[in-house]
$ cat start00.cif   # mmCIF, C-alpha atoms
data_data
loop_
_atom_site.label_atom_id
_atom_site.label_comp_id
_atom_site.auth_asym_id
_atom_site.auth_seq_id
_atom_site.Cartn_x
_atom_site.Cartn_y
_atom_site.Cartn_z
CA MET A 1 -63.53 -39.71 -123.11
CA CYS A 2 -66.36 -42.23 -122.73
CA LEU A 3 -64.76 -44.28 -125.49
CA ALA A 4 -65.39 -47.97 -124.90
CA ILE A 5 -65.22 -51.00 -127.16
CA PRO A 6 -66.62 -54.53 -127.17
CA VAL A 7 -63.91 -57.11 -126.47
CA ARG A 8 -63.99 -60.89 -126.13
CA VAL A 9 -62.95 -62.47 -122.83
CA GLU A 10 -60.26 -65.08 -123.55
CA GLN A 11 -59.15 -66.11 -120.07
CA LEU A 12 -60.03 -65.33 -116.48
CA THR A 13 -56.99 -64.34 -114.39
CA PRO A 14 -56.44 -63.86 -110.63
CA GLY A 15 -57.45 -60.64 -108.88
CA ASP A 16 -60.82 -60.41 -110.67
CA ASN A 17 -59.06 -59.76 -113.98
CA ALA A 18 -59.30 -61.20 -117.46
CA ILE A 19 -57.25 -61.38 -120.64
CA VAL A 20 -59.31 -59.98 -123.50
CA ASN A 21 -58.93 -59.91 -127.25
CA LEU A 22 -59.14 -56.39 -128.70
CA GLY A 23 -59.33 -57.14 -132.40
CA GLY A 24 -56.22 -59.32 -132.18
CA VAL A 25 -54.42 -57.54 -129.34
CA LYS A 26 -54.39 -59.33 -125.98
CA LYS A 27 -54.71 -57.20 -122.86
CA GLU A 28 -55.40 -57.77 -119.19
CA ILE A 29 -58.38 -55.83 -117.85
CA SER A 30 -60.30 -55.60 -114.57
CA LEU A 31 -63.66 -57.33 -114.09
CA SER A 32 -64.30 -55.67 -110.73
CA LEU A 33 -67.32 -53.70 -112.04
CA VAL A 34 -69.20 -56.65 -113.58
CA GLU A 35 -70.54 -60.00 -112.44
CA ASP A 36 -70.84 -63.50 -113.91
CA VAL A 37 -68.45 -63.03 -116.80
CA SER A 38 -67.25 -66.22 -118.50
CA VAL A 39 -64.71 -66.99 -121.21
CA GLY A 40 -66.29 -66.26 -124.60
CA ASP A 41 -68.43 -63.38 -123.30
CA TYR A 42 -68.10 -59.95 -124.85
CA VAL A 43 -67.72 -57.01 -122.47
CA ILE A 44 -67.68 -53.25 -123.02
CA LEU A 45 -64.13 -52.12 -122.14
CA HIS A 46 -63.46 -48.60 -120.83
CA VAL A 47 -60.12 -47.39 -119.37
CA GLY A 48 -59.07 -50.92 -118.44
CA TYR A 49 -62.36 -51.98 -116.86
CA ALA A 50 -65.27 -54.04 -118.17
CA LEU A 51 -68.29 -51.74 -117.72
CA GLN A 52 -71.04 -54.09 -118.81
CA LYS A 53 -71.56 -57.44 -120.48
CA LEU A 54 -72.57 -57.16 -124.11
CA ASP A 55 -75.91 -58.84 -124.72
CA ILE A 56 -75.23 -60.78 -127.91
CA ASP A 57 -78.92 -61.56 -128.52
CA GLU A 58 -79.80 -57.87 -128.29
CA ALA A 59 -76.92 -56.97 -130.63
CA GLU A 60 -78.21 -59.46 -133.20
CA GLN A 61 -81.76 -58.16 -132.82
CA THR A 62 -80.62 -54.57 -133.40
CA LEU A 63 -78.74 -55.66 -136.52
CA ALA A 64 -81.81 -57.61 -137.66
CA LEU A 65 -83.87 -54.44 -137.18
CA PHE A 66 -81.52 -52.51 -139.48
CA ALA A 67 -81.80 -55.32 -142.05
CA GLU A 68 -85.60 -55.28 -141.71
CA LEU A 69 -85.60 -51.57 -142.51
CA ASN A 70 -83.53 -52.55 -145.51
CA ALA A 71 -86.13 -55.11 -146.65
CA HIS A 72 -88.94 -52.53 -146.32
CA THR A 73 -86.99 -50.04 -148.37
CA ASP A 74 -86.27 -52.62 -151.07
CA ILE A 75 -89.98 -53.49 -151.34
CA GLN A 76 -90.89 -49.83 -151.60
CA LEU A 77 -88.16 -49.07 -154.12
CA ALA A 78 -89.47 -52.00 -156.17
CA GLY A 79 -92.92 -50.41 -156.14
CA GLY A 80 -94.47 -52.78 -153.61
CA SER A 81 -96.11 -51.90 -150.35
CA PRO A 82 -94.34 -52.22 -147.01
CA ALA A 83 -95.15 -55.30 -145.00
CA MET B 1 -63.86 -55.85 -134.92
CA LYS B 2 -66.86 -57.93 -133.95
CA TYR B 3 -69.85 -55.85 -132.79
CA VAL B 4 -68.20 -52.70 -134.17
CA ASP B 5 -67.84 -53.22 -137.93
CA GLU B 6 -71.42 -54.44 -138.36
CA PHE B 7 -72.65 -51.15 -136.92
CA ARG B 8 -70.72 -49.15 -139.53
CA ASP B 9 -72.19 -50.74 -142.67
CA GLY B 10 -72.63 -48.10 -145.37
CA GLU B 11 -75.47 -49.81 -147.23
CA LEU B 12 -77.57 -50.17 -144.09
CA ALA B 13 -76.80 -46.53 -143.27
CA LYS B 14 -78.25 -45.44 -146.61
CA ASN B 15 -81.39 -47.38 -145.87
CA ILE B 16 -81.91 -45.89 -142.44
CA ALA B 17 -81.26 -42.49 -144.00
CA ALA B 18 -83.92 -43.24 -146.65
CA HIS B 19 -86.44 -43.96 -143.89
CA ILE B 20 -85.47 -40.76 -142.12
CA ALA B 21 -85.94 -38.78 -145.36
CA ARG B 22 -89.33 -40.35 -145.97
CA GLU B 23 -90.66 -39.99 -142.46
CA THR B 24 -89.67 -36.39 -141.74
CA ALA B 25 -92.51 -33.97 -142.19
CA PRO B 26 -91.25 -31.21 -144.54
CA GLN B 27 -92.80 -28.38 -142.52
CA THR B 28 -91.38 -29.57 -139.19
CA VAL B 29 -87.93 -28.67 -137.91
CA TYR B 30 -86.42 -31.42 -135.78
CA ARG B 31 -83.88 -29.97 -133.34
CA LEU B 32 -82.05 -32.88 -131.76
CA MET B 33 -79.21 -32.57 -129.26
CA GLU B 34 -76.60 -35.27 -129.07
CA PHE B 35 -75.53 -34.90 -125.47
CA CYS B 36 -72.30 -36.88 -125.76
CA GLY B 37 -69.00 -35.98 -127.32
CA GLY B 38 -68.83 -39.59 -128.49
CA HIS B 39 -71.90 -38.98 -130.63
CA THR B 40 -70.55 -35.61 -131.82
CA HIS B 41 -67.43 -37.41 -132.97
CA ALA B 42 -69.37 -40.21 -134.73
CA ILE B 43 -71.68 -37.70 -136.45
CA SER B 44 -68.72 -35.69 -137.75
CA ARG B 45 -66.39 -38.54 -138.59
CA TYR B 46 -68.97 -40.56 -140.51
CA GLY B 47 -70.60 -37.54 -142.14
CA LEU B 48 -74.02 -38.39 -140.73
CA ALA B 49 -75.24 -34.80 -140.99
CA ASP B 50 -74.91 -35.13 -144.78
CA LEU B 51 -77.31 -38.09 -144.78
CA LEU B 52 -80.07 -36.07 -143.09
CA PRO B 53 -82.70 -33.75 -144.57
CA ALA B 54 -82.04 -30.05 -143.94
CA ASN B 55 -84.89 -29.85 -141.43
CA VAL B 56 -83.24 -32.41 -139.13
CA ARG B 57 -80.72 -30.37 -137.15
CA LEU B 58 -78.17 -31.87 -134.81
CA ILE B 59 -77.05 -29.65 -131.96
CA HIS B 60 -73.87 -30.55 -130.08
CA GLY B 61 -74.28 -30.93 -126.32
CA PRO B 62 -71.97 -30.55 -123.33
CA GLY B 63 -71.10 -34.23 -122.87
CA CYS B 64 -67.36 -33.88 -123.32
CA PRO B 65 -65.64 -34.00 -119.92
CA VAL B 66 -62.53 -32.21 -121.09
CA CYS B 67 -64.67 -29.47 -122.63
CA VAL B 68 -66.75 -28.74 -119.52
CA LEU B 69 -63.75 -28.71 -117.16
CA PRO B 70 -63.12 -25.07 -116.29
CA VAL B 71 -59.63 -23.56 -116.59
CA GLY B 72 -59.28 -23.33 -112.80
CA ARG B 73 -59.49 -27.11 -112.48
CA VAL B 74 -56.61 -27.67 -114.89
CA ASP B 75 -54.69 -24.93 -113.02
CA GLN B 76 -55.09 -26.97 -109.83
CA ALA B 77 -53.52 -30.02 -111.47
CA ILE B 78 -50.67 -27.92 -112.88
CA ARG B 79 -50.07 -26.34 -109.43
CA LEU B 80 -49.84 -29.79 -107.85
CA ALA B 81 -47.33 -30.94 -110.47
CA THR B 82 -45.18 -27.82 -110.59
CA LYS B 83 -45.32 -26.28 -107.10
CA LEU B 84 -45.83 -29.35 -104.95
CA GLY B 85 -43.74 -31.82 -106.92
CA VAL B 86 -46.27 -34.63 -107.08
CA ILE B 87 -46.43 -37.23 -109.83
CA LEU B 88 -49.57 -36.08 -111.64
CA CYS B 89 -51.31 -38.92 -113.47
CA THR B 90 -53.89 -38.07 -116.09
CA TYR B 91 -55.82 -39.53 -119.01
CA ALA B 92 -54.38 -38.22 -122.26
CA ASP B 93 -57.49 -36.10 -122.92
CA THR B 94 -56.50 -33.37 -120.45
CA MET B 95 -52.86 -33.01 -121.49
CA ARG B 96 -53.43 -30.20 -123.99
CA VAL B 97 -56.29 -28.31 -122.35
CA PRO B 98 -55.32 -24.62 -122.17
CA ALA B 99 -54.91 -23.36 -118.61
CA SER B 100 -53.78 -20.04 -117.10
CA ALA B 101 -50.48 -18.37 -118.04
CA LYS B 102 -50.43 -20.14 -121.43
CA LEU B 103 -49.75 -23.43 -119.68
CA THR B 104 -51.06 -26.92 -120.33
CA LEU B 105 -50.17 -30.13 -118.52
CA MET B 106 -48.10 -30.95 -121.60
CA ARG B 107 -46.13 -27.71 -121.33
CA ALA B 108 -45.72 -28.18 -117.59
CA LYS B 109 -44.28 -31.62 -118.35
CA ALA B 110 -41.95 -30.14 -120.95
CA ALA B 111 -40.77 -27.67 -118.29
CA GLY B 112 -39.87 -30.52 -115.97
CA ALA B 113 -43.02 -31.36 -114.02
CA ASP B 114 -43.64 -35.08 -113.50
CA VAL B 115 -46.88 -35.45 -115.47
CA ARG B 116 -47.67 -38.98 -116.64
CA MET B 117 -50.30 -40.08 -119.13
CA ILE B 118 -52.06 -43.23 -118.04
CA TYR B 119 -54.61 -45.55 -119.63
CA SER B 120 -56.24 -46.85 -116.48
CA THR B 121 -56.56 -45.98 -112.80
CA GLN B 122 -54.70 -49.26 -112.22
CA ASP B 123 -51.65 -47.64 -113.84
CA ALA B 124 -51.83 -44.75 -111.35
CA LEU B 125 -51.97 -47.20 -108.45
CA LYS B 126 -48.95 -49.03 -109.83
CA ILE B 127 -46.99 -45.78 -110.10
CA ALA B 128 -47.89 -45.07 -106.45
CA ARG B 129 -46.75 -48.54 -105.36
CA ASP B 130 -43.50 -48.19 -107.34
CA ASN B 131 -42.74 -44.73 -105.93
CA PRO B 132 -43.48 -44.96 -102.19
CA ALA B 133 -41.40 -41.86 -101.42
CA ARG B 134 -43.39 -39.67 -103.86
CA GLU B 135 -46.94 -38.36 -103.76
CA VAL B 136 -49.05 -39.54 -106.70
CA VAL B 137 -52.20 -37.63 -107.67
CA PHE B 138 -54.69 -38.87 -110.25
CA LEU B 139 -56.59 -36.14 -112.10
CA ALA B 140 -60.02 -37.81 -112.04
CA ILE B 141 -62.32 -36.40 -114.69
CA GLY B 142 -65.29 -37.72 -116.60
CA PHE B 143 -68.98 -38.49 -116.46
CA GLU B 144 -70.62 -41.58 -114.94
CA THR B 145 -68.74 -43.92 -117.32
CA THR B 146 -65.35 -42.99 -115.94
CA THR B 147 -66.30 -42.63 -112.27
CA PRO B 148 -66.55 -46.34 -111.32
CA PRO B 149 -62.91 -47.04 -112.32
CA THR B 150 -61.85 -44.17 -110.03
CA ALA B 151 -63.98 -45.60 -107.21
CA VAL B 152 -62.30 -49.00 -107.63
CA ALA B 153 -58.85 -47.41 -107.41
CA VAL B 154 -59.69 -45.39 -104.26
CA LYS B 155 -61.11 -48.45 -102.52
CA GLN B 156 -58.11 -50.49 -103.55
CA ALA B 157 -55.69 -47.81 -102.30
CA GLN B 158 -57.48 -47.79 -98.96
CA ALA B 159 -57.50 -51.59 -98.70
CA GLU B 160 -53.80 -51.84 -99.58
CA GLY B 161 -52.82 -48.82 -97.44
CA ILE B 162 -51.33 -46.91 -100.39
CA SER B 163 -51.09 -43.62 -98.52
CA ASN B 164 -49.13 -41.71 -101.19
CA PHE B 165 -52.07 -41.92 -103.63
CA SER B 166 -54.84 -39.34 -103.89
CA ILE B 167 -57.24 -37.98 -106.50
CA LEU B 168 -58.21 -34.54 -107.74
CA CYS B 169 -61.89 -35.29 -108.13
CA ASN B 170 -63.75 -33.64 -111.03
CA HIS B 171 -66.33 -36.31 -111.76
CA VAL B 172 -69.57 -34.83 -113.07
CA LEU B 173 -73.12 -36.06 -113.69
CA THR B 174 -75.12 -36.22 -116.90
CA PRO B 175 -78.74 -35.63 -115.77
CA PRO B 176 -78.00 -32.29 -114.02
CA ALA B 177 -76.27 -31.06 -117.19
CA MET B 178 -79.35 -32.03 -119.23
CA HIS B 179 -81.53 -30.12 -116.75
CA ALA B 180 -79.23 -27.12 -117.17
CA ILE B 181 -79.46 -27.28 -120.97
CA LEU B 182 -83.26 -27.22 -120.75
CA THR B 183 -83.52 -24.49 -118.14
CA VAL B 184 -80.56 -22.15 -118.73
CA ALA B 185 -81.62 -18.60 -119.60
CA GLY B 186 -81.41 -17.98 -123.33
CA GLY B 187 -80.81 -21.68 -123.87
CA VAL B 188 -81.29 -23.50 -127.11
CA ALA B 189 -84.71 -24.84 -128.13
CA LEU B 190 -84.73 -28.62 -128.48
CA ASP B 191 -87.19 -31.28 -129.61
CA GLY B 192 -85.33 -34.31 -128.29
CA PHE B 193 -82.10 -35.82 -127.01
CA ILE B 194 -79.87 -38.55 -128.37
CA GLY B 195 -79.01 -40.05 -124.98
CA PRO B 196 -75.53 -41.18 -123.89
CA ALA B 197 -74.23 -44.64 -124.76
CA HIS B 198 -71.66 -45.64 -122.19
CA VAL B 199 -72.85 -43.33 -119.41
CA SER B 200 -76.13 -45.22 -119.71
CA THR B 201 -74.46 -48.64 -119.42
CA VAL B 202 -73.68 -47.52 -115.86
CA ILE B 203 -76.71 -45.41 -114.82
CA GLY B 204 -79.35 -47.17 -116.96
CA SER B 205 -82.17 -45.51 -118.86
CA GLU B 206 -84.33 -44.67 -115.83
CA PRO B 207 -82.62 -41.35 -114.90
CA TYR B 208 -83.77 -39.86 -118.24
CA GLU B 209 -87.45 -40.58 -117.66
CA VAL B 210 -87.86 -37.21 -115.94
CA PHE B 211 -87.00 -35.42 -119.20
CA ALA B 212 -89.76 -37.23 -121.06
CA ARG B 213 -92.26 -36.83 -118.22
CA ASP B 214 -91.60 -33.30 -116.93
CA TYR B 215 -90.14 -31.58 -119.99
CA ALA B 216 -91.95 -33.58 -122.70
CA LYS B 217 -88.63 -34.20 -124.48
CA PRO B 218 -88.11 -37.59 -126.13
CA VAL B 219 -84.81 -39.28 -125.27
CA VAL B 220 -83.37 -42.15 -127.31
CA ILE B 221 -80.26 -43.78 -125.88
CA ALA B 222 -77.90 -44.69 -128.71
CA GLY B 223 -74.64 -46.57 -129.15
CA PHE B 224 -71.62 -44.68 -130.50
CA GLU B 225 -71.47 -46.37 -133.90
CA PRO B 226 -72.90 -44.52 -136.92
CA LEU B 227 -75.83 -46.92 -137.49
CA ASP B 228 -76.78 -46.58 -133.83
CA VAL B 229 -76.90 -42.81 -134.15
CA LEU B 230 -78.95 -42.89 -137.37
CA GLN B 231 -81.41 -45.38 -135.89
CA ALA B 232 -81.80 -43.18 -132.79
CA ILE B 233 -82.51 -40.16 -135.01
CA LEU B 234 -85.21 -42.17 -136.80
CA MET B 235 -86.72 -43.21 -133.46
CA LEU B 236 -86.73 -39.58 -132.28
CA ILE B 237 -88.38 -38.41 -135.51
CA ARG B 238 -91.11 -41.03 -135.06
CA GLN B 239 -91.76 -39.92 -131.48
CA ILE B 240 -91.91 -36.26 -132.50
CA ASN B 241 -94.25 -37.05 -135.41
CA GLU B 242 -96.54 -38.98 -133.09
CA GLY B 243 -96.45 -36.25 -130.43
CA ARG B 244 -94.93 -38.67 -127.94
CA ALA B 245 -92.16 -38.10 -125.41
CA ALA B 246 -90.68 -41.29 -124.02
CA VAL B 247 -87.31 -42.74 -123.15
CA GLU B 248 -86.40 -45.34 -125.74
CA ASN B 249 -83.30 -47.45 -125.92
CA GLU B 250 -81.53 -48.18 -129.17
CA PHE B 251 -78.42 -49.46 -127.35
CA THR B 252 -80.15 -52.51 -125.86
CA ARG B 253 -77.03 -54.61 -126.31
CA ALA B 254 -75.40 -52.79 -123.38
CA VAL B 255 -78.01 -50.65 -121.62
CA THR B 256 -80.81 -51.77 -119.31
CA ARG B 257 -83.30 -49.64 -117.40
CA GLN B 258 -81.45 -50.18 -114.12
CA GLY B 259 -77.88 -49.98 -115.44
CA ASN B 260 -74.89 -51.53 -113.73
CA ILE B 261 -76.02 -51.84 -110.10
CA LYS B 262 -72.63 -53.10 -108.89
CA ALA B 263 -70.85 -50.07 -110.35
CA GLN B 264 -73.50 -47.70 -108.97
CA ALA B 265 -73.14 -49.18 -105.47
CA LEU B 266 -69.37 -48.80 -105.60
CA VAL B 267 -69.62 -45.18 -106.74
CA SER B 268 -72.07 -44.27 -103.99
CA GLU B 269 -69.90 -46.00 -101.40
CA VAL B 270 -66.89 -43.84 -102.32
CA PHE B 271 -68.47 -40.59 -103.55
CA GLU B 272 -71.24 -38.22 -102.54
CA LEU B 273 -72.79 -35.20 -104.24
CA ARG B 274 -70.99 -31.87 -104.17
CA ASP B 275 -73.26 -28.97 -103.22
CA PHE B 276 -72.03 -26.95 -106.21
CA PHE B 277 -69.63 -27.41 -109.10
CA GLU B 278 -68.60 -24.93 -111.75
CA TRP B 279 -68.93 -26.16 -115.35
CA ARG B 280 -67.48 -24.42 -118.37
CA GLY B 281 -70.44 -23.06 -120.29
CA LEU B 282 -73.18 -24.11 -117.90
CA GLY B 283 -72.04 -22.08 -114.89
CA THR B 284 -72.19 -23.25 -111.28
CA LEU B 285 -74.72 -26.06 -110.98
CA PRO B 286 -76.05 -27.53 -107.73
CA LEU B 287 -75.68 -31.28 -107.08
CA SER B 288 -74.04 -31.83 -110.44
CA ALA B 289 -70.70 -33.37 -109.47
CA LEU B 290 -69.15 -35.77 -106.99
CA LYS B 291 -66.67 -35.54 -104.11
CA LEU B 292 -65.08 -38.21 -101.94
CA ARG B 293 -67.02 -39.24 -98.85
CA ALA B 294 -65.53 -38.38 -95.44
CA GLU B 295 -64.36 -42.01 -95.00
CA PHE B 296 -62.06 -41.51 -98.00
CA ALA B 297 -60.92 -37.95 -97.12
CA ASP B 298 -57.26 -39.11 -96.98
CA PHE B 299 -57.43 -39.62 -100.73
CA ASN B 300 -58.68 -36.12 -101.51
CA ALA B 301 -55.78 -34.22 -103.11
CA GLU B 302 -57.56 -30.85 -102.73
CA SER B 303 -57.52 -31.05 -98.93
CA LYS B 304 -54.33 -33.12 -98.63
CA PHE B 305 -52.29 -30.47 -100.43
CA ASN B 306 -54.45 -27.51 -99.52
CA CYS B 307 -54.97 -26.85 -103.23
CA ASP B 308 -58.28 -25.04 -103.60
CA TYR B 309 -60.17 -24.36 -106.80
CA LEU B 310 -59.86 -20.76 -108.00
CA PRO B 311 -62.26 -19.73 -110.79
CA VAL B 312 -60.61 -18.24 -113.88
CA GLN B 313 -62.22 -16.42 -116.80
CA ASP B 314 -62.18 -18.13 -120.20
CA HIS B 315 -60.27 -16.47 -123.06
CA LYS B 316 -62.30 -13.44 -124.14
CA ALA B 317 -62.63 -14.42 -127.79
CA CYS B 318 -63.42 -18.10 -127.08
CA GLU B 319 -67.02 -19.20 -127.67
CA CYS B 320 -66.69 -22.61 -125.99
CA ALA B 321 -69.24 -21.65 -123.35
CA ALA B 322 -72.00 -20.86 -125.88
CA ILE B 323 -71.04 -23.87 -128.00
CA LEU B 324 -71.33 -26.17 -124.96
CA ARG B 325 -74.85 -24.83 -124.33
CA GLY B 326 -75.76 -25.57 -127.94
CA GLU B 327 -76.35 -21.86 -128.60
CA LYS B 328 -73.59 -21.46 -131.18
CA ALA B 329 -71.95 -23.66 -133.77
CA PRO B 330 -68.14 -23.86 -133.84
CA GLN B 331 -67.90 -21.91 -137.10
CA GLN B 332 -69.68 -18.96 -135.45
CA CYS B 333 -66.65 -18.40 -133.22
CA LYS B 334 -64.39 -15.63 -134.57
CA ILE B 335 -61.18 -17.48 -133.80
CA PHE B 336 -62.35 -20.90 -135.04
CA GLY B 337 -59.85 -22.43 -137.45
CA THR B 338 -57.65 -19.33 -137.55
CA VAL B 339 -56.19 -18.55 -134.13
CA CYS B 340 -57.74 -21.65 -132.55
CA THR B 341 -56.87 -24.98 -134.17
CA PRO B 342 -56.32 -28.51 -132.85
CA GLU B 343 -52.54 -27.86 -133.01
CA ASN B 344 -52.91 -24.64 -131.03
CA PRO B 345 -56.23 -24.77 -129.17
CA VAL B 346 -57.47 -21.69 -127.34
CA GLY B 347 -60.58 -23.32 -125.91
CA SER B 348 -61.21 -26.80 -124.62
CA CYS B 349 -63.72 -27.71 -127.37
CA MET B 350 -60.82 -27.66 -129.87
CA VAL B 351 -58.72 -30.09 -127.81
CA SER B 352 -60.48 -33.41 -127.51
CA SER B 353 -61.43 -35.25 -130.71
CA GLU B 354 -64.98 -35.35 -129.35
CA GLY B 355 -65.10 -31.61 -128.73
CA ALA B 356 -67.53 -29.85 -131.10
CA CYS B 357 -64.85 -27.53 -132.50
CA ALA B 358 -62.22 -30.24 -133.06
CA ALA B 359 -64.84 -32.49 -134.70
CA HIS B 360 -65.97 -29.72 -137.04
CA TYR B 361 -62.39 -28.65 -137.78
CA SER B 362 -61.38 -32.20 -138.70
CA PHE B 363 -64.45 -33.37 -140.59
CA GLY B 364 -66.92 -30.56 -141.30
CA ARG B 365 -65.13 -27.59 -142.87
CA PHE B 366 -65.47 -28.87 -146.43
CA ARG B 367 -69.14 -27.81 -146.32
CA GLU B 368 -68.09 -24.15 -146.15
CA THR B 369 -65.60 -24.49 -148.99
CA THR B 370 -66.74 -23.14 -152.33
CA ILE B 371 -65.14 -24.63 -155.41
#

$ encode --input "start00.cif" --output "structure tokens"
Amino acid sequence: MCLAIPVRVEQLTPGDNAIVNLGGVKKEISLSLVEDVSVGDYVILHVGYALQKLDIDEAEQTLALFAELNAHTDIQLAGGSPA
Amino acid sequence: MKYVDEFRDGELAKNIAAHIARETAPQTVYRLMEFCGGHTHAISRYGLADLLPANVRLIHGPGCPVCVLPVGRVDQAIRLATKLGVILCTYADTMRVPASAKLTLMRAKAAGADVRMIYSTQDALKIARDNPAREVVFLAIGFETTTPPTAVAVKQAQAEGISNFSILCNHVLTPPAMHAILTVAGGVALDGFIGPAHVSTVIGSEPYEVFARDYAKPVVIAGFEPLDVLQAILMLIRQINEGRAAVENEFTRAVTRQGNIKAQALVSEVFELRDFFEWRGLGTLPLSALKLRAEFADFNAESKFNCDYLPVQDHKACECAAILRGEKAPQQCKIFGTVCTPENPVGSCMVSSEGACAAHYSFGRFRETTI
């Protein structure tokens, strides 16, 4: 029910709407719940509405954290000590 | 898809799982509740339980709107569609929820009622505009994620003077349900919560601070992708090991402490708290759901059509109530997988793909199979 997916804003359209790219599919959604959205931004889409802007820096940091865990594990598996 | 696929990487998952395995204390049992159906679904679909040590137990919570909607609420929608001849618009999730007299919205539709599945509240408004001579009712269900889109539609209907549009409001709130889980008599013992993803994009992380402060339960807000869930489990294990209880946020790419202030303002402009609301499984909880404010009373289908809520008992053999409280696992229900299946659900938890029973039926039964 709370299913929502990150989509890229392709074009701003009248009525506080936007055309977004959902993994190749173009769809018009409402931006009435968010502010300061520009073309190229990613938003979290739920039942036809952008709920929140996706913070790309935070997304990259979270992924970097997973990769860092990876590095620690590799060191330990190789018999070294974690950094 | 960008920002989805990266969070499903199998190699990274193994690594997070390795950390979890190393950091769990063998003598400690970690009882973690994933509140949301979205997490239940991710855990089942990606087999996350199989990546965890046996002493890390995941307990399914009540965060599935279709599951917690009592039979009497679906009956109301069916009454509106069959007896009062309205066009009943609904998200697909509620179509197959069993109601009284062996009916569902799907069966009511098959029998001739005008029930229409919609994707967005904007679709319901369009149907109302296109059918000015008919009454159009939107069955509004869901937690805080789904409420702002309903608020937008109600405000828009008022601004445009769409007088043949109204809503059957069943919007519910996450924090009161978490309170109920922690305080209900005979409730399940928990050591921490995996906090909601998209609910939290709207309400922020602040409303969970009370659970860390007053109940000493760690809460880690997590995205709905499998790596998000694993990382949140690791963060919970670390808090429990260190004897800490704090609200931490794994889903920083979409959740802030304050949440979406614009959406919150819109919701509080259109809705106010109901004194009481009956939940399946959790009983009647005070201040746990929303109703339209007096200024929007014209859009309230319950009063417009004089269609009151009448409580109805669940099916006697159905264990949905105990499963929603985290007290029982789906496979402990006598009719699980035999009488009650996704094709022929008896209880609501078998309907939605995020319901605990449907998730276990689809992805978990192999564990009980002996070869």

$ interface_residues --input "start00.cif" --of "chain B" --to "chain A" --cutoff "6 Å" --atoms "only C-alpha atoms" --output "PDB file with C-alpha atoms, in the frame of the given file"
ATOM      1  CA  MET B   1     -63.860 -55.850-134.920  1.00  0.00           C
ATOM      2  CA  ASN B  15     -81.390 -47.380-145.870  1.00  0.00           C
ATOM      3  CA  TYR B 119     -54.610 -45.550-119.630  1.00  0.00           C
ATOM      4  CA  SER B 120     -56.240 -46.850-116.480  1.00  0.00           C
ATOM      5  CA  THR B 252     -80.150 -52.510-125.860  1.00  0.00           C
ATOM      6  CA  ARG B 253     -77.030 -54.610-126.310  1.00  0.00           C
ATOM      7  CA  ALA B 254     -75.400 -52.790-123.380  1.00  0.00           C
ATOM      8  CA  ALA B 263     -70.850 -50.070-110.350  1.00  0.00           C
TER       9      ALA B 263
END

$ residues_around --input "start00.cif" --residues "Asp275 in chain B" --least-positions-apart "5" --cutoff "12 Å" --atoms "only C-alpha atoms" --output "list of chain:residue names"
B:Thr284, B:Leu285, B:Pro286, B:Leu287, B:Ser288, B:Ala289, B:Leu290, B:Lys291

$ resolve_selection --input "start00.cif" --expression "the PyMOL selection byres ((chain B and resi 173) around 8)" --output "mmCIF file with C-alpha atoms, in the coordinates of the input"
data_model
loop_
_atom_site.group_PDB
_atom_site.id
_atom_site.type_symbol
_atom_site.label_atom_id
_atom_site.label_comp_id
_atom_site.auth_asym_id
_atom_site.auth_seq_id
_atom_site.Cartn_x
_atom_site.Cartn_y
_atom_site.Cartn_z
ATOM 1 C CA PHE B 143 -68.980 -38.490 -116.460
ATOM 2 C CA GLU B 144 -70.620 -41.580 -114.940
ATOM 3 C CA HIS B 171 -66.330 -36.310 -111.760
ATOM 4 C CA VAL B 172 -69.570 -34.830 -113.070
ATOM 5 C CA THR B 174 -75.120 -36.220 -116.900
ATOM 6 C CA PRO B 175 -78.740 -35.630 -115.770
ATOM 7 C CA PRO B 176 -78.000 -32.290 -114.020
ATOM 8 C CA ALA B 177 -76.270 -31.060 -117.190
ATOM 9 C CA SER B 288 -74.040 -31.830 -110.440
ATOM 10 C CA ALA B 289 -70.700 -33.370 -109.470
ATOM 11 C CA LEU B 290 -69.150 -35.770 -106.990
#

$ resolve_selection --input "start00.cif" --expression "the PyMOL selection byres ((chain B and resi 337) around 10)" --output "VMD selection string"
chain B and resid 330 to 331 333 to 336 338 to 342 344 to 345 350 357 to 358 360 to 362 365

$ write_last_selection --input "start00.cif" --atoms "C-alpha atoms" --output "short mmCIF file (atom, residue, chain, number, x, y, z; two decimals), in the coordinates of the input"
data_model
loop_
_atom_site.label_atom_id
_atom_site.label_comp_id
_atom_site.auth_asym_id
_atom_site.auth_seq_id
_atom_site.Cartn_x
_atom_site.Cartn_y
_atom_site.Cartn_z
CA PRO B 330 -68.14 -23.86 -133.84
CA GLN B 331 -67.90 -21.91 -137.10
CA CYS B 333 -66.65 -18.40 -133.22
CA LYS B 334 -64.39 -15.63 -134.57
CA ILE B 335 -61.18 -17.48 -133.80
CA PHE B 336 -62.35 -20.90 -135.04
CA THR B 338 -57.65 -19.33 -137.55
CA VAL B 339 -56.19 -18.55 -134.13
CA CYS B 340 -57.74 -21.65 -132.55
CA THR B 341 -56.87 -24.98 -134.17
CA PRO B 342 -56.32 -28.51 -132.85
CA ASN B 344 -52.91 -24.64 -131.03
CA PRO B 345 -56.23 -24.77 -129.17
CA MET B 350 -60.82 -27.66 -129.87
CA CYS B 357 -64.85 -27.53 -132.50
CA ALA B 358 -62.22 -30.24 -133.06
CA HIS B 360 -65.97 -29.72 -137.04
CA TYR B 361 -62.39 -28.65 -137.78
CA SER B 362 -61.38 -32.20 -138.70
CA ARG B 365 -65.13 -27.59 -142.87
#
